[in-house]
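J.: Please find one structure pasted underneath; my questions will follow.
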Amino acid sequence: MRILFLLLFAVGSVLAAEQTVVLAPDGEVKEFSQALRRVRQARRDHPADIFKIVLKSGRYELKEPLVLTSEDSGLNIIAAEGEKPVITGGRRIENWRRDSNNPHLWHADLPAVREGKWNFHQLFINGHRKTRARTPNNTFYRINGQSPEDRPAKLKFNGDEIKPAWAERGDVEVIAYLNWADLRMQIRSVDAVNHVATLSGDPRPSNKENNAQYFLENAPEFLDSPGEWYLDKKTGTVSYWSEEGEDLIKAEVIAPVLDDLVMIKGEPGKPVRNVNINGIQFSHTDWTLGSNGYADTQAAVAVRGELRAEFAEDCKIENCTLSHLAGYGIDLGRGCKRVRIIGNEIYDLGGGGIRIGEPQKPKNAAEENNSNLVTDNHLHELGRVYPPAVGVFIIQSGANRIAHNDIHDLYYTAVSVGWNWGYQETPCRENIIEFNHLYNIGQNRLSDMGAVYTLGIQKGTIIRNNLIHDVNSFTYGGWGLYTDEGSSDILLENNIVYHCKSAGFHQHYGRENILRNNIFALNRENQLMRSREEAHTSFIFTNNIVYFDSGNLLGSYWSNDHYLMDHNIYFDTRLGAAQDKMKFAGATLTDWRKRGHDEHSLLRDPEFVDPAKLDFHLKPASPATGMGFKEIDMSTVGVRPTGRRP
């Protein structure tokens, strides 16, 4: 028996040889499409072999997006050891000249633009995103009135902020931030007397906010400060106002040509399996704007990813860099299962970081999206074109694990789970959101957001051991943990949430969520919020610490008592020894307890080691320990060292 096994192993080894195609700027194979053709041909002759495309350092400019199909299953696309290859959808712009009147202004002639063969909306210089010419430069105008019922959209402006000449140009754009969404449209006409601009398309029903922020983009007169650029499509001239120390003769200037980079495209019943992408940088894609403009509903849901998969199983994207892209970074669509996204850096994106699932519920088992793993990724500088984009966006997908990621510097929610408003059953369940560091979220651009945001029934979903801080909305709704419309059956435990504008936790409406063993500290307007009262139990709030120095303990609606709260510790630093004066939605603790809440809770200092320095470890004599509170270990939160990853 042992001899037979060895013989079979030896035969299998011969049949499953490893074949490698090396891609190098100065090598025999210089283009990725050429390497892929070689692999496919060799696989037809040797279907049992293992195939690799190994990339050496250099720039590999794509003429069209890469498409991997089921025939590419098992393919490894990896960087050579110690090498840093870049797959780019951009082209370098050279032949710059200084303006004869302004030494800070540079120009380059692009015949392909003049001929209508190239039009780009992003520009990158020495690895940095530059600003498409806009006004005002670093601030915003304010909308003086608008209605989502207007068809097409109309905007009432102040003074002469919008000029009739810009409507005549046809390509000057209004970008408005409206609650949790944005709008980007061309100006079609301007009523200078009544200060009303008519835009190019219809708004969404929710695209309304009083005194909302907006700015204007893409007119030559807006090019008036360092770091801005403008493309004149008629003359084919791109102009750039240089920043201190920039010399465009020596600089690497890149504009995108492609809107997409990579598509892993399987089919129902014929998925792409076991494709491994490791160590590659993917950069430089563009966005486009249709003649009617663009209006978002929420979370930039209409924006897709630049490395996109459909019907892909057991694939892996690891140790890659995704940068200077226009949309979401990685996008797992229909039929994606057990895809592993590990150890990547995703930054400077027009959209969000990682998108999992589709807005439509799957029609059959083949279309289901589930069981994906997203760990140890660093996501930052997101939403640069589409501010409502999310760090990690789970839509109609279940059994995913989002863990040990650093997500920061974005204008909307860091992790969003669910896409159902209300109490219907959905496939979005059993997702685990844990050990993530989520911070610098919102940055006063949009409203109604959370570091972790949920929608709908989510049986088995757990949100735990996350470190959350600095969530700041434009007006209302800068929350740490936000269980929105219909969020139900979710466990939220062992999270530390501090420095959030509106509250550490807010439940709009939902049922029987459990919050236990969390720390909510130093949030500003409120510590906890609850809205839209219903007949069932909203949530169970137990063994938590709430420590604050401003705002209210409880905000919004708490009158119907359909929630359970007990065995918690509350402490308002402003009251000192007079904690009995603390108000529970206007009630004293005595009256609050008569209503059946917090009968065993304490109004005492939890004795953190150093809350002023945001050290929320407990001192040995902390009363929280006696209440059953368990110390929250944040030592492994965020991206882990390579050796500790899955």
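Naming scheme: A, B, ... for chains in displayed order of the structure tokens; residues 1 onward per chain; ligands 1 onward as shown.
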Per DSSP on the backbone, what are the alpha helix (DSSP H) residues of region 91-277 of chain A, as a PyMOL selection string?
T.: chain A and resi 111-114+164-169
J.: Could you give me, as a ChimeraX atom specification, the residues within 10 Å of Ile187 (chain A), counting only C-alpha atoms and dropping anything in the same chain fewer than 2 positions from it?
T.: /A:153-155,162-174,184-185,189-190,197-201,216,293
J.: Which of these residues is nearest to Phe51 (chain A), using only C-alpha atoms: A:Gly27, A:Pro152, A:Gly74, A:Gly510?
T.: A:Gly74
J.: Give me the residues near Thr321 (chain A) as a PyMOL selection string, where near means some atom within 12 Å (using only C-alpha atoms) and where sequence neighbours in that chain fewer than 4 positions away do not count.
T.: chain A and resi 79+84-88+277-284+307+317+325+329-330+341-349+353+377-380
J.: Just the residues within 10 Å of Gly127 (chain A), please, counting only C-alpha atoms, with nothing from its chain fewer than 3 positions along; format it as a ChimeraX atom specification.
T.: /A:123-124,130,251-254,283,323-324,348
J.: Suppose we keep N, CA, C and O atoms; can you now write the selection as a compact mmCIF listing (two decimals), in the first residue's frame?
T.:
```txt
# COMPACT_ATOMS: atom_id res chain seq x y z
N LEU A 123 -5.79 63.61 -11.92
CA LEU A 123 -4.39 63.84 -12.26
C LEU A 123 -3.55 63.56 -11.02
O LEU A 123 -3.90 64.01 -9.91
N PHE A 124 -2.44 62.83 -11.20
CA PHE A 124 -1.58 62.45 -10.09
C PHE A 124 -0.15 62.87 -10.40
O PHE A 124 0.37 62.57 -11.48
N LYS A 130 -4.10 65.41 -7.34
CA LYS A 130 -4.20 66.85 -7.45
C LYS A 130 -5.66 67.26 -7.62
O LYS A 130 -6.51 66.47 -8.02
N ALA A 251 9.02 65.75 -12.84
CA ALA A 251 7.98 65.04 -12.09
C ALA A 251 7.38 63.88 -12.88
O ALA A 251 7.41 63.87 -14.12
N GLU A 252 6.82 62.91 -12.14
CA GLU A 252 6.01 61.86 -12.75
C GLU A 252 4.56 62.32 -12.72
O GLU A 252 3.95 62.41 -11.66
N VAL A 253 4.02 62.63 -13.88
CA VAL A 253 2.65 63.12 -14.00
C VAL A 253 1.84 62.06 -14.74
O VAL A 253 2.18 61.68 -15.86
N ILE A 254 0.77 61.58 -14.10
CA ILE A 254 -0.02 60.49 -14.67
C ILE A 254 -1.49 60.87 -14.68
O ILE A 254 -2.03 61.35 -13.68
N SER A 283 -3.10 50.83 -9.86
CA SER A 283 -3.25 52.28 -9.75
C SER A 283 -3.83 52.90 -11.02
O SER A 283 -3.73 52.33 -12.10
N SER A 323 -4.25 52.06 -5.18
CA SER A 323 -4.11 53.49 -4.92
C SER A 323 -4.47 54.30 -6.15
O SER A 323 -4.40 53.81 -7.28
N HIS A 324 -4.86 55.55 -5.93
CA HIS A 324 -5.12 56.51 -7.00
C HIS A 324 -6.18 55.99 -7.98
O HIS A 324 -6.04 56.13 -9.20
N ASP A 348 -6.22 56.58 -1.16
CA ASP A 348 -6.43 57.60 -2.18
C ASP A 348 -7.36 57.08 -3.27
O ASP A 348 -7.00 57.01 -4.44
```
J.: Using only C-alpha atoms, which residues sit within 9 Å of Ile395 (chain A) once same-chain residues fewer than 3 positions away are excluded, as an mmCIF file with N, CA and C atoms, in the first residue's frame?
T.:
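Written output follows (out33.cif):
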```cif
data_model
loop_
_atom_site.group_PDB
_atom_site.id
_atom_site.type_symbol
_atom_site.label_atom_id
_atom_site.label_comp_id
_atom_site.auth_asym_id
_atom_site.auth_seq_id
_atom_site.Cartn_x
_atom_site.Cartn_y
_atom_site.Cartn_z
ATOM 1 N N ARG A 355 -16.007 46.380 -1.321
ATOM 2 C CA ARG A 355 -17.462 46.239 -1.473
ATOM 3 C C ARG A 355 -17.788 44.753 -1.640
ATOM 4 N N ILE A 356 -18.752 44.257 -0.844
ATOM 5 C CA ILE A 356 -19.089 42.831 -0.854
ATOM 6 C C ILE A 356 -20.590 42.680 -1.027
ATOM 7 N N GLY A 357 -21.013 42.050 -2.127
ATOM 8 C CA GLY A 357 -22.426 41.795 -2.360
ATOM 9 C C GLY A 357 -23.037 42.767 -3.354
ATOM 10 N N GLU A 358 -24.333 42.565 -3.592
ATOM 11 C CA GLU A 358 -25.100 43.367 -4.542
ATOM 12 C C GLU A 358 -26.354 43.906 -3.852
ATOM 13 N N PRO A 359 -26.893 45.034 -4.317
ATOM 14 C CA PRO A 359 -28.122 45.556 -3.706
ATOM 15 C C PRO A 359 -29.320 44.620 -3.866
ATOM 16 N N GLN A 360 -29.349 43.879 -4.980
ATOM 17 C CA GLN A 360 -30.453 42.944 -5.193
ATOM 18 C C GLN A 360 -30.173 41.625 -4.475
ATOM 19 N N GLY A 398 -23.708 37.354 3.612
ATOM 20 C CA GLY A 398 -23.627 36.856 4.972
ATOM 21 C C GLY A 398 -22.376 36.052 5.250
ATOM 22 N N SER A 416 -20.152 49.268 6.828
ATOM 23 C CA SER A 416 -21.605 49.275 6.672
ATOM 24 C C SER A 416 -22.065 47.862 6.352
ATOM 25 N N VAL A 417 -23.086 47.388 7.090
ATOM 26 C CA VAL A 417 -23.545 46.003 6.940
ATOM 27 C C VAL A 417 -25.060 45.998 6.746
ATOM 28 N N GLY A 418 -25.503 45.520 5.580
ATOM 29 C CA GLY A 418 -26.927 45.399 5.318
ATOM 30 C C GLY A 418 -27.413 46.366 4.255
ATOM 31 N N TRP A 419 -28.544 46.007 3.637
ATOM 32 C CA TRP A 419 -29.129 46.856 2.597
ATOM 33 C C TRP A 419 -30.634 46.630 2.540
ATOM 34 N N ASN A 420 -31.252 46.573 3.752
ATOM 35 C CA ASN A 420 -32.689 46.375 3.848
ATOM 36 C C ASN A 420 -33.234 47.287 4.937
ATOM 37 N N CYS A 428 -28.271 38.847 4.670
ATOM 38 C CA CYS A 428 -27.221 39.545 5.424
ATOM 39 C C CYS A 428 -27.293 39.126 6.887
#
```
J.: Between A:Leu446, A:Ile463, A:Ile402, A:Val21, which one has atoms that come closest to Gln213 (chain A), using only C-alpha atoms?
T.: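 Looking at the shortest contact to Gln213 (chain A), the residue is A:Leu446.
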J.: Please provide as an MDAnalysis selection string all residues within 7 Å of region 545-552 of chain A, with the sequence filter that same-chain residues fewer than 6 positions apart are discarded (counting only C-alpha atoms).
T.: chainID A and resid 518:527 568:574
J.: Please provide the set of residues having any atom within 8 Å of Ala389 (chain A), restricted to only C-alpha atoms, with same-chain residues fewer than 4 positions apart removed, written as a PyMOL selection string.
T.: chain A and resi 299-301+328+351-352+382-383+411-413
J.: Would you list, as an MDAnalysis selection string, the residues of region 336-488 of chain A that end up in strand (DSSP E) under DSSP run on this structure's backbone?
T.: chainID A and resid 340:342 345:349 354:356 373:375 378:380 392:394 401:403 406:410 415:417 432:434 437:441 449:454 457:464 467:471 478:483 487:488
J.: Between A:Leu261, A:Asn543, A:Ile490, A:Asn372, which residue has the minimum interatomic distance to Thr625 (chain A), considering only C-alpha atoms?
T.: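 Closest to Thr625 (chain A) of all the choices is A:Asn543.
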J.: For a test of reading the model, state the distance in Å between CA of Asn218 (chain A) and CA of Pro388 (chain A), rounded to one decimal.
T.: 21.1 Å
J.: Using only C-alpha atoms, pick whichever of A:Met263, A:Ala176, A:Leu491, A:Leu602 has the shortest atom-to-atom distance to Arg511 (chain A).
T.: A:Leu491
J.: Select, from A:Glu83, A:Glu28, A:Glu485, A:Glu71, the residue with the minimum atom-to-atom distance to Lys56 (chain A), counting only C-alpha atoms.
T.: A:Glu83
